[in-house]
file final30.txt (compact mmCIF, C-alpha atoms and all ligand atoms)
# COMPACT_ATOMS: atom_id res chain seq x y z
CA MET B 1 87.21 90.32 101.66
CA THR B 2 89.76 90.62 104.50
CA VAL B 3 91.28 93.98 105.33
CA ALA B 4 94.42 94.56 107.41
CA VAL B 5 96.00 97.78 108.61
CA CYS B 6 99.76 98.34 108.58
CA PRO B 7 100.23 101.30 110.91
CA GLY B 8 103.29 103.36 111.67
CA SER B 9 104.79 106.81 111.84
CA PHE B 10 106.59 106.28 108.52
CA ASP B 11 108.95 109.18 109.21
CA PRO B 12 110.15 108.27 106.60
CA VAL B 13 108.94 105.06 104.93
CA THR B 14 111.83 102.59 104.55
CA LEU B 15 112.46 99.47 102.48
CA GLY B 16 111.68 97.53 105.67
CA HIS B 17 108.17 98.99 105.78
CA VAL B 18 107.54 98.12 102.13
CA ASP B 19 108.67 94.53 102.79
CA ILE B 20 106.13 94.21 105.62
CA VAL B 21 103.32 95.71 103.50
CA GLU B 22 104.08 93.23 100.71
CA ARG B 23 104.07 90.32 103.18
CA ALA B 24 100.79 91.54 104.69
CA ARG B 25 99.26 91.64 101.23
CA THR B 26 99.99 87.94 100.74
CA MET B 27 97.67 87.21 103.70
CA PHE B 28 94.91 89.82 103.35
CA ASP B 29 92.86 91.00 100.37
CA GLU B 30 93.37 94.68 101.11
CA VAL B 31 96.06 96.41 103.14
CA VAL B 32 95.59 99.93 104.43
CA VAL B 33 98.92 101.53 105.21
CA ALA B 34 98.00 103.95 107.94
CA ILE B 35 100.04 106.93 109.12
CA ALA B 36 99.45 107.44 112.83
CA ALA B 37 100.81 109.75 115.48
CA ASN B 38 103.30 108.22 117.92
CA ALA B 39 103.11 110.24 121.13
CA ALA B 40 106.72 109.35 121.92
CA LYS B 41 108.15 110.76 118.67
CA ARG B 42 108.51 114.19 117.07
CA SER B 43 108.23 113.91 113.30
CA LEU B 44 110.69 115.29 110.80
CA LEU B 45 108.37 115.03 107.79
CA ASP B 46 104.86 116.52 107.74
CA VAL B 47 101.95 114.13 107.25
CA GLY B 48 101.34 115.22 103.65
CA THR B 49 104.93 114.43 102.69
CA ARG B 50 104.87 111.10 104.50
CA ARG B 51 101.62 110.19 102.76
CA ALA B 52 102.93 111.11 99.31
CA LEU B 53 106.18 109.17 99.81
CA LEU B 54 104.27 106.13 101.09
CA ALA B 55 101.82 106.24 98.19
CA ASP B 56 104.72 106.23 95.72
CA ALA B 57 106.48 103.44 97.63
CA VAL B 58 103.49 101.05 97.49
CA ALA B 59 102.06 102.16 94.14
CA ALA B 60 103.24 98.95 92.46
CA VAL B 61 101.56 96.68 95.03
CA PRO B 62 97.92 95.99 94.11
CA GLY B 63 95.33 96.04 96.89
CA VAL B 64 97.22 98.55 99.00
CA ARG B 65 96.10 102.06 99.87
CA VAL B 66 97.46 104.77 102.16
CA ASP B 67 95.43 106.65 104.76
CA VAL B 68 95.91 108.77 107.87
CA VAL B 69 94.70 107.73 111.34
CA PRO B 70 92.86 110.71 112.85
CA GLY B 71 92.86 109.35 116.44
CA LEU B 72 93.13 105.91 117.95
CA LEU B 73 94.44 103.15 115.73
CA ALA B 74 91.90 100.70 117.19
CA ASP B 75 89.02 102.99 116.19
CA PHE B 76 90.48 103.40 112.71
CA CYS B 77 90.71 99.61 112.30
CA ARG B 78 87.04 99.25 113.28
CA ASP B 79 86.03 102.06 110.89
CA VAL B 80 87.77 100.48 107.87
CA GLY B 81 86.59 96.98 108.76
CA ALA B 82 90.07 95.61 109.40
CA VAL B 83 90.35 92.14 110.91
CA ALA B 84 93.95 92.68 111.96
CA VAL B 85 96.80 95.09 112.53
CA VAL B 86 100.00 93.86 110.87
CA LYS B 87 103.33 94.88 112.36
CA GLY B 88 106.84 93.88 111.38
CA LEU B 89 109.35 92.49 113.84
CA ARG B 90 113.07 92.99 113.29
CA GLY B 91 113.97 91.37 116.61
CA GLY B 92 113.11 91.00 120.28
CA ALA B 93 113.21 94.72 121.03
CA ASP B 94 110.47 95.29 118.48
CA PHE B 95 108.34 92.61 120.11
CA ASP B 96 108.84 94.19 123.54
CA ALA B 97 107.61 97.52 122.16
CA GLU B 98 104.74 96.05 120.15
CA HIS B 99 103.36 93.60 122.71
CA PRO B 100 101.69 96.17 125.02
CA MET B 101 100.31 98.07 122.01
CA ALA B 102 98.78 94.87 120.64
CA LEU B 103 97.18 94.16 124.02
CA MET B 104 95.87 97.72 124.31
CA ASN B 105 94.41 97.71 120.79
CA ARG B 106 92.65 94.40 121.48
CA HIS B 107 91.39 95.76 124.79
CA LEU B 108 89.96 98.83 123.03
CA THR B 109 88.05 97.26 120.14
CA GLY B 110 89.02 93.60 119.96
CA VAL B 111 91.26 94.02 116.91
CA GLU B 112 93.97 91.36 116.66
CA THR B 113 97.61 92.04 115.83
CA VAL B 114 99.58 89.80 113.47
CA PHE B 115 103.36 89.97 113.69
CA VAL B 116 105.41 89.40 110.57
CA VAL B 117 109.14 88.76 110.59
CA GLY B 118 110.73 90.98 108.00
CA ALA B 119 113.49 90.09 105.57
CA PRO B 120 116.79 89.61 107.44
CA HIS B 121 118.74 91.80 105.03
CA LEU B 122 116.49 94.73 106.02
CA ALA B 123 116.58 94.10 109.79
CA HIS B 124 119.01 96.96 110.47
CA ILE B 125 116.78 99.59 108.86
CA ALA B 126 114.79 101.88 111.16
CA SER B 127 113.38 105.31 110.31
CA SER B 128 115.17 106.85 113.29
CA MET B 129 118.54 105.51 112.15
CA VAL B 130 117.87 106.51 108.55
CA LYS B 131 117.37 110.10 109.70
CA ASP B 132 120.46 109.96 111.89
CA VAL B 133 122.61 108.63 109.05
CA ALA B 134 121.30 111.35 106.72
CA ARG B 135 121.74 114.04 109.37
CA HIS B 136 125.42 113.19 109.59
CA GLY B 137 126.02 113.08 105.85
CA GLY B 138 125.65 109.34 105.23
CA ASP B 139 124.03 107.87 102.14
CA ILE B 140 120.48 106.56 102.78
CA ALA B 141 119.50 105.94 99.15
CA ASP B 142 119.69 102.15 99.46
CA LEU B 143 117.69 102.09 102.72
CA VAL B 144 114.54 103.83 101.47
CA PRO B 145 112.28 103.76 98.40
CA ALA B 146 113.06 106.04 95.46
CA GLY B 147 112.36 109.70 96.15
CA VAL B 148 112.56 109.42 99.94
CA ALA B 149 116.22 110.39 100.37
CA PRO B 150 115.86 113.83 98.73
CA ALA B 151 112.72 114.53 100.80
CA VAL B 152 114.56 113.65 104.02
CA LEU B 153 117.53 115.84 103.08
CA THR B 154 115.20 118.75 102.25
CA ALA B 155 113.37 118.38 105.57
CA LEU B 156 116.62 118.14 107.51
CA ALA B 157 117.96 121.29 105.85
CA ALA B 158 114.75 123.14 106.74
CA SER B 159 114.74 121.88 110.32
CA GLY B 160 118.02 123.54 111.27
CA PRO B 161 120.72 122.10 113.53
CA HIS B 162 119.82 119.08 115.64
CA PRO B 163 119.91 119.65 119.44
CA SER B 164 122.56 116.92 119.76
CA SER B 165 124.92 118.61 117.29
CA GLY B 166 126.50 120.81 119.96
CA GLY B 167 127.16 124.50 119.46
CA ALA B 168 126.92 127.38 121.89
CA SER B 169 125.31 126.57 125.19
O1 LIG B 201 106.12 103.36 113.54
P1 LIG B 201 105.76 103.46 115.00
O2 LIG B 201 106.10 104.85 115.54
O3 LIG B 201 106.38 102.36 115.82
O4 LIG B 201 104.17 103.26 115.11
C1 LIG B 201 103.48 103.39 116.34
C2 LIG B 201 102.03 103.83 116.09
C3 LIG B 201 102.01 105.15 115.37
C4 LIG B 201 101.36 102.76 115.23
C5 LIG B 201 101.30 103.94 117.47
O5 LIG B 201 101.92 104.93 118.25
C6 LIG B 201 99.81 104.24 117.32
O6 LIG B 201 99.04 103.31 117.11
N1 LIG B 201 99.41 105.53 117.37
C7 LIG B 201 98.03 105.96 117.17
C8 LIG B 201 97.36 106.40 118.49
C9 LIG B 201 96.96 105.17 119.29
O7 LIG B 201 96.13 104.37 118.89
N2 LIG B 201 97.60 105.02 120.46
C10 LIG B 201 97.42 103.87 121.31
C11 LIG B 201 98.36 102.76 120.85
S1 LIG B 201 98.20 101.32 121.82
call {"tool": "encode", "arguments": {"input": "final30.txt", "output": "structure tokens"}}
result
Amino acid sequence: MTVAVCPGSFDPVTLGHVDIVERARTMFDEVVVAIAANAAKRSLLDVGTRRALLADAVAAVPGVRVDVVPGLLADFCRDVGAVAVVKGLRGGADFDAEHPMALMNRHLTGVETVFVVGAPHLAHIASSMVKDVARHGGDIADLVPAGVAPAVLTALAASGPHPSSGGAS
């Protein structure tokens, strides 16, 4: 049985992520969707919320489970017996960001990375943009799985004004 890990921050999960998980599942017997910490990003949603939203989003895809990476992704892949990390590419910028991570993960434990080109009609969807659209009152319902938009709006309301929104200096 082949296992692959689809890692990400999933802050929040988008329709683009689900597309990549479904594509990964066509190549591997089991796919572990793994929530990991990205040192370069500050999360809007807590890990529990991200996990619950992800679990709902992939519930209809057999052979997929959701987990949390406690440390290094490469260690996690070894621990779950994964033969590959699967990452989606929307374009060249994604490859530029992913390439050094793939090399580092292989350096650490030998795990390979498989890149999957996502569906073109989802190529404009990124979690960061989804949050930005929502923050400024735009509709994100058709960019994310059911239930995600209300969770994002709730978290944004609780997080207070964004530093970029101006106000007294
Ligand atoms: O969705 P993202 O933010 O592009 O995913 C990046 C992520 C979380 C997969 C990456 O930052 C990661 O693997 N974090 C776990 C810690 C780790 O292994 N760091 C070394 C990466 S080479």
call {"tool": "atom_distance", "arguments": {"input": "final30.txt", "atom1": "atom CA of B:Asp96", "atom2": "atom S1 of ligand LIG 201 (chain B)"}}
result
12.9 Å
call {"tool": "residues_near_ligand", "arguments": {"input": "final30.txt", "ligand": "ligand LIG 201 (chain B)", "cutoff": "9 Å", "atoms": "only C-alpha atoms and all ligand atoms", "output": "PDB file with C-alpha atoms, keeping the file's coordinate frame"}}
result
ATOM      1  CA  CYS B   6      99.760  98.340 108.580  1.00  0.00           C
ATOM      2  CA  PRO B   7     100.230 101.300 110.910  1.00  0.00           C
ATOM      3  CA  GLY B   8     103.290 103.360 111.670  1.00  0.00           C
ATOM      4  CA  SER B   9     104.790 106.810 111.840  1.00  0.00           C
ATOM      5  CA  PHE B  10     106.590 106.280 108.520  1.00  0.00           C
ATOM      6  CA  ASP B  11     108.950 109.180 109.210  1.00  0.00           C
ATOM      7  CA  ALA B  34      98.000 103.950 107.940  1.00  0.00           C
ATOM      8  CA  ILE B  35     100.040 106.930 109.120  1.00  0.00           C
ATOM      9  CA  ALA B  36      99.450 107.440 112.830  1.00  0.00           C
ATOM     10  CA  ALA B  37     100.810 109.750 115.480  1.00  0.00           C
ATOM     11  CA  ASN B  38     103.300 108.220 117.920  1.00  0.00           C
ATOM     12  CA  ALA B  39     103.110 110.240 121.130  1.00  0.00           C
ATOM     13  CA  ALA B  40     106.720 109.350 121.920  1.00  0.00           C
ATOM     14  CA  LYS B  41     108.150 110.760 118.670  1.00  0.00           C
ATOM     15  CA  VAL B  69      94.700 107.730 111.340  1.00  0.00           C
ATOM     16  CA  PRO B  70      92.860 110.710 112.850  1.00  0.00           C
ATOM     17  CA  GLY B  71      92.860 109.350 116.440  1.00  0.00           C
ATOM     18  CA  LEU B  72      93.130 105.910 117.950  1.00  0.00           C
ATOM     19  CA  LEU B  73      94.440 103.150 115.730  1.00  0.00           C
ATOM     20  CA  ALA B  74      91.900 100.700 117.190  1.00  0.00           C
ATOM     21  CA  ASP B  75      89.020 102.990 116.190  1.00  0.00           C
ATOM     22  CA  PHE B  76      90.480 103.400 112.710  1.00  0.00           C
ATOM     23  CA  LYS B  87     103.330  94.880 112.360  1.00  0.00           C
ATOM     24  CA  ASP B  94     110.470  95.290 118.480  1.00  0.00           C
ATOM     25  CA  ALA B  97     107.610  97.520 122.160  1.00  0.00           C
ATOM     26  CA  GLU B  98     104.740  96.050 120.150  1.00  0.00           C
ATOM     27  CA  PRO B 100     101.690  96.170 125.020  1.00  0.00           C
ATOM     28  CA  MET B 101     100.310  98.070 122.010  1.00  0.00           C
ATOM     29  CA  ALA B 102      98.780  94.870 120.640  1.00  0.00           C
ATOM     30  CA  LEU B 103      97.180  94.160 124.020  1.00  0.00           C
ATOM     31  CA  MET B 104      95.870  97.720 124.310  1.00  0.00           C
ATOM     32  CA  ASN B 105      94.410  97.710 120.790  1.00  0.00           C
ATOM     33  CA  ARG B 106      92.650  94.400 121.480  1.00  0.00           C
ATOM     34  CA  LEU B 108      89.960  98.830 123.030  1.00  0.00           C
ATOM     35  CA  SER B 127     113.380 105.310 110.310  1.00  0.00           C
TER      36      SER B 127
END
call {"tool": "atom_distance", "arguments": {"input": "final30.txt", "atom1": "atom CA of B:Leu45", "atom2": "atom CA of B:Gly92"}}
result
27.5 Å
call {"tool": "closest_residue", "arguments": {"input": "final30.txt", "among": "B:Ala146, B:Pro62, B:Arg51, B:Arg135", "to": "B:His162", "atoms": "all atoms listed in the file"}}
result
B:Arg135
call {"tool": "closest_residue", "arguments": {"input": "final30.txt", "among": "B:Gly81, B:Pro12, B:Gly63, B:Gly88", "to": "B:Leu122", "atoms": "all atoms listed in the file"}}
result
B:Gly88
call {"tool": "atom_distance", "arguments": {"input": "final30.txt", "atom1": "atom CA of B:Gly118", "atom2": "atom CA of B:Ala24"}}
result
10.5 Å
call {"tool": "closest_residue", "arguments": {"input": "final30.txt", "among": "B:Ala93, B:His99, B:Leu54, B:Asp67", "to": "B:Val114", "atoms": "all atoms listed in the file"}}
result
B:His99
call {"tool": "residues_around", "arguments": {"input": "final30.txt", "residues": "B:Thr154", "least_positions_apart": "4", "cutoff": "12 Å", "atoms": "all atoms listed in the file", "output": "list in words"}}
result
Leu44, Leu45, Asp46, Thr49, Lys131, Ala134, Arg135, Gly147, Val148, Ala149, Pro150, Ala158, Ser159 and Gly160 of chain B
call {"tool": "residues_around", "arguments": {"input": "final30.txt", "residues": "B:Ile20", "least_positions_apart": "6", "cutoff": "12 Å", "atoms": "only C-alpha atoms", "output": "list in words"}}
result
Ala4, Val5, Cys6, Pro7, Gly8, Val13, Thr14, Thr26, Met27, Val31, Val33, Val58, Val61, Val64, Val85, Val86, Lys87, Gly88, Leu89, Arg90, Val114, Phe115, Val116, Val117, Gly118, Ala119, Pro120, Leu122 and Ala123 of chain B
call {"tool": "closest_residue", "arguments": {"input": "final30.txt", "among": "B:Val32, B:Ala84, B:Ala59, B:Ala157", "to": "B:His136", "atoms": "all atoms listed in the file"}}
result
B:Ala157
call {"tool": "closest_residue", "arguments": {"input": "final30.txt", "among": "B:Ala82, B:Ala60, B:Ala52, B:Ala151", "to": "B:Thr109", "atoms": "only C-alpha atoms"}}
result
B:Ala82
call {"tool": "decode", "arguments": {"input": "final30.txt", "residues": "stretch 76-88 of chain B", "atoms": "N, CA and C atoms", "output": "CSV table (one decimal), in the first residue's frame"}}
result
chain,number,residue,atom,x,y,z
B,76,PHE,N,7.7,13.5,9.8
B,76,PHE,CA,6.3,13.0,9.7
B,76,PHE,C,6.1,12.0,8.6
B,77,CYS,N,6.6,12.3,7.4
B,77,CYS,CA,6.5,11.4,6.3
B,77,CYS,C,7.1,10.0,6.6
B,78,ARG,N,8.3,10.1,7.2
B,78,ARG,CA,8.9,8.8,7.6
B,78,ARG,C,8.0,8.1,8.6
B,79,ASP,N,7.5,8.8,9.6
B,79,ASP,CA,6.7,8.1,10.7
B,79,ASP,C,5.4,7.5,10.1
B,80,VAL,N,4.8,8.1,9.1
B,80,VAL,CA,3.5,7.5,8.6
B,80,VAL,C,3.8,6.6,7.4
B,81,GLY,N,5.1,6.4,7.1
B,81,GLY,CA,5.4,5.5,6.0
B,81,GLY,C,5.1,6.0,4.6
B,82,ALA,N,5.2,7.3,4.4
B,82,ALA,CA,4.8,7.9,3.1
B,82,ALA,C,6.0,7.8,2.1
B,83,VAL,N,5.7,7.4,0.9
B,83,VAL,CA,6.7,7.3,-0.1
B,83,VAL,C,6.9,8.7,-0.8
B,84,ALA,N,6.0,9.6,-0.6
B,84,ALA,CA,6.1,10.9,-1.3
B,84,ALA,C,5.3,12.0,-0.6
B,85,VAL,N,5.8,13.2,-0.8
B,85,VAL,CA,5.0,14.4,-0.5
B,85,VAL,C,4.3,14.8,-1.8
B,86,VAL,N,3.1,15.2,-1.8
B,86,VAL,CA,2.4,15.7,-3.0
B,86,VAL,C,2.1,17.1,-2.8
B,87,LYS,N,2.5,18.0,-3.8
B,87,LYS,CA,2.2,19.4,-3.7
B,87,LYS,C,1.6,19.8,-5.0
B,88,GLY,N,0.7,20.8,-5.0
B,88,GLY,CA,0.1,21.3,-6.2
B,88,GLY,C,0.9,22.5,-6.7
